[in-house]
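Chemist: Data file start15.cif (mmCIF, C-alpha atoms) is appended below.
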```
data_target
loop_
_atom_site.label_atom_id
_atom_site.label_comp_id
_atom_site.auth_asym_id
_atom_site.auth_seq_id
_atom_site.Cartn_x
_atom_site.Cartn_y
_atom_site.Cartn_z
CA MET A 1 -71.11 7.35 -32.81
CA LEU A 2 -70.57 5.17 -29.78
CA ASN A 3 -72.14 5.98 -26.45
CA TYR A 4 -70.73 4.55 -23.26
CA ASP A 5 -72.70 4.08 -20.06
CA PHE A 6 -70.46 4.48 -17.03
CA SER A 7 -73.27 4.17 -14.46
CA PRO A 8 -72.26 0.62 -13.36
CA PHE A 9 -68.85 2.02 -12.40
CA TYR A 10 -70.43 4.78 -10.32
CA ARG A 11 -72.33 2.14 -8.35
CA SER A 12 -69.37 -0.15 -7.70
CA THR A 13 -66.45 2.21 -7.12
CA ILE A 14 -65.64 4.67 -4.39
CA GLY A 15 -63.38 7.68 -4.79
CA PHE A 16 -63.19 7.59 -8.60
CA ASP A 17 -65.88 10.23 -9.17
CA ARG A 18 -63.47 12.68 -10.81
CA LEU A 19 -62.07 10.06 -13.19
CA LEU A 20 -65.51 8.83 -14.22
CA GLY A 21 -66.69 12.40 -14.71
CA LEU A 22 -63.75 13.04 -17.05
CA LEU A 23 -64.60 9.88 -18.99
CA ASP A 24 -68.22 11.00 -19.32
CA LYS A 25 -67.12 14.41 -20.56
CA SER A 26 -64.57 13.13 -23.04
CA ALA A 27 -66.96 10.52 -24.47
CA GLY A 28 -69.52 13.21 -25.27
CA LEU A 29 -67.17 15.94 -26.43
CA GLU A 30 -64.82 13.97 -28.68
CA ALA A 31 -66.52 15.03 -31.91
CA SER A 32 -66.57 18.71 -30.98
CA ALA A 33 -63.08 18.84 -29.48
CA PRO A 34 -60.85 21.59 -30.86
CA THR A 35 -58.08 20.43 -33.17
CA TYR A 36 -55.94 23.58 -33.15
CA PRO A 37 -53.10 23.66 -32.32
CA PRO A 38 -51.99 20.08 -32.91
CA TYR A 39 -50.12 18.45 -30.03
CA ASN A 40 -48.33 15.31 -28.83
CA ILE A 41 -48.28 13.76 -25.36
CA GLU A 42 -45.19 11.69 -24.65
CA ARG A 43 -44.06 9.59 -21.72
CA MET A 44 -40.43 10.48 -21.00
CA GLY A 45 -39.93 8.15 -18.03
CA GLU A 46 -41.81 6.36 -15.29
CA ASN A 47 -42.96 9.64 -13.71
CA ALA A 48 -42.16 12.16 -16.47
CA TYR A 49 -44.32 13.39 -19.34
CA ARG A 50 -44.04 16.01 -22.09
CA ILE A 51 -46.73 17.86 -24.00
CA THR A 52 -45.58 19.37 -27.29
CA LEU A 53 -47.80 21.90 -29.09
CA ALA A 54 -47.19 23.22 -32.60
CA VAL A 55 -47.33 26.99 -32.13
CA ALA A 56 -45.66 28.23 -35.31
CA GLY A 57 -45.86 31.99 -35.66
CA PHE A 58 -46.33 32.70 -31.95
CA ALA A 59 -43.65 34.49 -29.94
CA ASP A 60 -42.87 33.46 -26.36
CA SER A 61 -44.56 36.63 -25.12
CA GLU A 62 -47.81 35.67 -26.89
CA LEU A 63 -48.09 32.30 -25.10
CA THR A 64 -49.35 31.64 -21.57
CA VAL A 65 -49.05 28.36 -19.63
CA GLU A 66 -50.76 27.98 -16.25
CA THR A 67 -52.05 25.26 -13.95
CA ARG A 68 -55.02 25.63 -11.66
CA GLU A 69 -56.94 22.95 -9.75
CA GLY A 70 -55.58 20.03 -11.77
CA VAL A 71 -56.02 21.68 -15.18
CA LEU A 72 -53.12 22.79 -17.38
CA THR A 73 -54.21 25.64 -19.67
CA VAL A 74 -52.18 26.84 -22.66
CA ARG A 75 -53.28 30.07 -24.35
CA GLY A 76 -51.97 31.83 -27.40
CA ALA A 77 -53.00 35.28 -28.59
CA LYS A 78 -51.40 37.20 -31.42
CA SER A 79 -50.70 40.83 -30.79
CA ALA A 80 -52.28 43.23 -33.24
CA GLN A 81 -49.88 43.88 -36.09
CA GLU A 82 -49.89 46.96 -38.18
CA LYS A 83 -50.72 46.20 -41.77
CA ASP A 84 -47.95 46.81 -44.22
CA GLU A 85 -49.29 48.95 -47.03
CA LYS A 86 -46.96 47.26 -49.53
CA ARG A 87 -48.00 43.68 -48.67
CA GLU A 88 -51.06 41.89 -49.85
CA THR A 89 -51.64 38.36 -48.59
CA LEU A 90 -52.87 36.10 -51.39
CA TYR A 91 -53.12 32.95 -49.26
CA GLN A 92 -52.74 32.55 -45.49
CA GLY A 93 -52.01 28.95 -44.53
CA ILE A 94 -50.23 29.72 -41.26
CA ALA A 95 -52.89 30.09 -38.62
CA ALA A 96 -52.58 33.15 -36.46
CA ARG A 97 -55.80 32.78 -34.52
CA ALA A 98 -55.99 32.81 -30.76
CA PHE A 99 -56.36 29.46 -29.01
CA GLU A 100 -56.88 27.90 -25.62
CA ARG A 101 -56.05 24.24 -25.00
CA ARG A 102 -56.79 22.49 -21.67
CA PHE A 103 -55.31 19.30 -20.28
CA HIS A 104 -56.67 17.61 -17.15
CA LEU A 105 -53.83 16.44 -14.94
CA ALA A 106 -53.89 13.40 -12.70
CA ASP A 107 -53.32 13.76 -8.97
CA HIS A 108 -49.76 14.77 -8.05
CA VAL A 109 -48.81 15.69 -11.65
CA THR A 110 -47.32 19.17 -11.94
CA ALA A 111 -45.79 21.20 -14.74
CA THR A 112 -42.07 21.65 -14.12
CA GLN A 113 -40.99 23.79 -17.08
CA ALA A 114 -42.00 25.12 -20.48
CA ALA A 115 -39.75 25.99 -23.42
CA CYS A 116 -40.46 27.17 -26.95
CA GLU A 117 -38.08 26.25 -29.76
CA ASN A 118 -38.46 25.94 -33.52
CA GLY A 119 -42.20 26.61 -33.42
CA LEU A 120 -42.87 23.91 -30.80
CA LEU A 121 -43.89 24.58 -27.21
CA HIS A 122 -42.60 21.83 -24.89
CA ILE A 123 -44.20 21.51 -21.45
CA ASP A 124 -42.54 19.04 -19.08
CA LEU A 125 -44.66 17.39 -16.41
CA ALA A 126 -43.69 15.24 -13.43
CA ARG A 127 -45.64 13.01 -11.08
CA GLU A 128 -44.46 13.61 -7.53
CA VAL A 129 -46.27 11.38 -5.06
CA PRO A 130 -45.87 12.58 -1.44
CA GLU A 131 -43.91 10.28 0.89
CA ALA A 132 -46.99 9.69 3.02
CA GLN A 133 -48.85 8.24 0.01
CA LYS A 134 -46.08 6.07 -1.39
CA PRO A 135 -46.43 2.35 -0.81
CA ARG A 136 -44.44 1.04 2.11
CA ALA A 137 -43.72 -2.43 3.36
CA ILE A 138 -45.02 -3.34 6.78
CA PRO A 139 -42.80 -5.88 8.54
CA ILE A 140 -44.48 -8.97 9.91
CA GLN A 141 -43.37 -9.84 13.41
CA ALA A 142 -43.12 -13.43 14.51
CA ALA A 143 -45.46 -14.50 17.26
CA ALA A 144 -43.84 -14.67 20.70
CA LYS A 145 -45.64 -17.76 21.94
CA THR A 146 -43.93 -21.06 22.44
CA ILE A 147 -45.50 -24.41 21.97
CA GLU A 148 -45.16 -26.79 24.87
CA THR A 149 -44.86 -30.43 23.92
CA THR A 150 -45.50 -33.32 26.21
CA VAL A 151 -43.89 -36.60 25.44
CA VAL A 152 -45.93 -39.63 26.38
CA ALA A 153 -43.98 -42.83 26.85
CA PRO A 154 -45.44 -45.78 24.99
CA GLN A 155 -47.05 -48.35 27.20
CA SER A 156 -45.83 -51.87 26.92
CA LYS A 157 -48.27 -54.71 26.66
CA GLN A 158 -48.39 -56.87 29.71
CA ALA A 159 -48.98 -60.52 29.30
CA ALA A 160 -51.86 -61.82 31.30
#
```
Translate this file's structure into structure tokens.
Modeler:
Amino acid sequence: MLNYDFSPFYRSTIGFDRLLGLLDKSAGLEASAPTYPPYNIERMGENAYRITLAVAGFADSELTVETREGVLTVRGAKSAQEKDEKRETLYQGIAARAFERRFHLADHVTATQAACENGLLHIDLAREVPEAQKPRAIPIQAAAKTIETTVVAPQSKQAA
């Protein structure tokens, strides 16, 4: 297992505390991270992303998607089903257990919509940077001072 020491970054950067904290957390928790349900993260455009979770067997009403303080949380909980007296399950390969999956969102990234189709939950995300924080060009004005030049006539040599 590899251990990373991010302390030099803490000493030489300002304002990246949250990012470095996330790196510290993810470096230590990678081995114990939950693997259910499987998911993909895709970049759909310059400022558009999509998270796709495999939620086979879950109805739309059994899934919850919410964002709070920069964290996107997806929960799934199966409703209690009445057992059918005539059925006996010999092997259950389709997971029906409850889950909670969290994704930490960068600044200005928000969830725009969620849709469930064919056993896949698609969550679309967009980065919307406020106008005040977008880069802007600052025009450079020419200096208003003029340079005065004095012309000095060459002196002729006088014969002595």
Chemist: List every protein, DNA or RNA residue that has at least one atom no more than 10 Å from (-46.8, 10.2, -18.9) in the file's coordinates, counting all atoms listed in the file, and write the result as a list in words.
Modeler: Ile41, Glu42, Arg43, Met44, Gly45, Glu46, Asn47, Ala48, Tyr49, Arg50, Ile51, Ala106, Val109, Asp124, Leu125, Ala126 and Arg127 of chain A
Chemist: Keeping C-alpha atoms for every residue in the selection just given, could you write it to a file as a compact mmCIF listing (two decimals), in the frame of the given file?
Modeler:
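Writing the result to part.txt gives the following:
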```txt
# COMPACT_ATOMS: atom_id res chain seq x y z
CA ILE A 41 -48.28 13.76 -25.36
CA GLU A 42 -45.19 11.69 -24.65
CA ARG A 43 -44.06 9.59 -21.72
CA MET A 44 -40.43 10.48 -21.00
CA GLY A 45 -39.93 8.15 -18.03
CA GLU A 46 -41.81 6.36 -15.29
CA ASN A 47 -42.96 9.64 -13.71
CA ALA A 48 -42.16 12.16 -16.47
CA TYR A 49 -44.32 13.39 -19.34
CA ARG A 50 -44.04 16.01 -22.09
CA ILE A 51 -46.73 17.86 -24.00
CA ALA A 106 -53.89 13.40 -12.70
CA VAL A 109 -48.81 15.69 -11.65
CA ASP A 124 -42.54 19.04 -19.08
CA LEU A 125 -44.66 17.39 -16.41
CA ALA A 126 -43.69 15.24 -13.43
CA ARG A 127 -45.64 13.01 -11.08
```
Chemist: Take atom CA of Arg68 of chain A and atom CA of Phe99 of chain A and report the distance between them in Å, one decimal.
Modeler: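 Computed distance, atom CA of Arg68 of chain A to atom CA of Phe99 of chain A, equals 17.8 Å.
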Chemist: Evaluate the PyMOL selection byres ((chain A and resi 72-79) around 10) and record the selected residues as number ranges by chain, following the chain and residue labels used in the document.
Modeler: A: 37, 53, 55, 57-71, 80-82, 96-105, 110-111, 121, 123
Chemist: Edge lengths and centre in Å to one decimal, as lines of an AutoDock Vina configuration file, is what I'm after for the box along x, y and z that holds all listed atoms of segment 101-116 of chain A once 5 Å is added on each side.
Modeler:
```
center_x = -48.3
center_y = 20.3
center_z = -17.5
size_x = 27.0
size_y = 23.8
size_z = 28.9
```
Chemist: Using only C-alpha atoms, which of A:Leu19, A:Ala56, A:Tyr91, A:His108 sits nearest Glu128 of chain A?
Modeler: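 Of A:Leu19, A:Ala56, A:Tyr91, A:His108, the one nearest Glu128 of chain A is A:His108, counting only C-alpha atoms.
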Chemist: Which one is closest to Leu120 of chain A: A:Phe16, A:Pro34, A:Asn40, A:Gln141? Count only C-alpha atoms.
Modeler: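 Among A:Phe16, A:Pro34, A:Asn40, A:Gln141, it is A:Asn40 that comes nearest to Leu120 of chain A.
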Chemist: Just give me the gap between atom CA of Gln92 of chain A and atom CA of Glu117 of chain A in Å, one decimal is fine.
Modeler: 22.4 Å
Chemist: For atom CA of Ala95 of chain A and atom CA of Gln113 of chain A, determine how far apart the two atoms are, in Å to one decimal place.
Modeler: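 Going from atom CA of Ala95 of chain A over to atom CA of Gln113 of chain A covers 25.4 Å.
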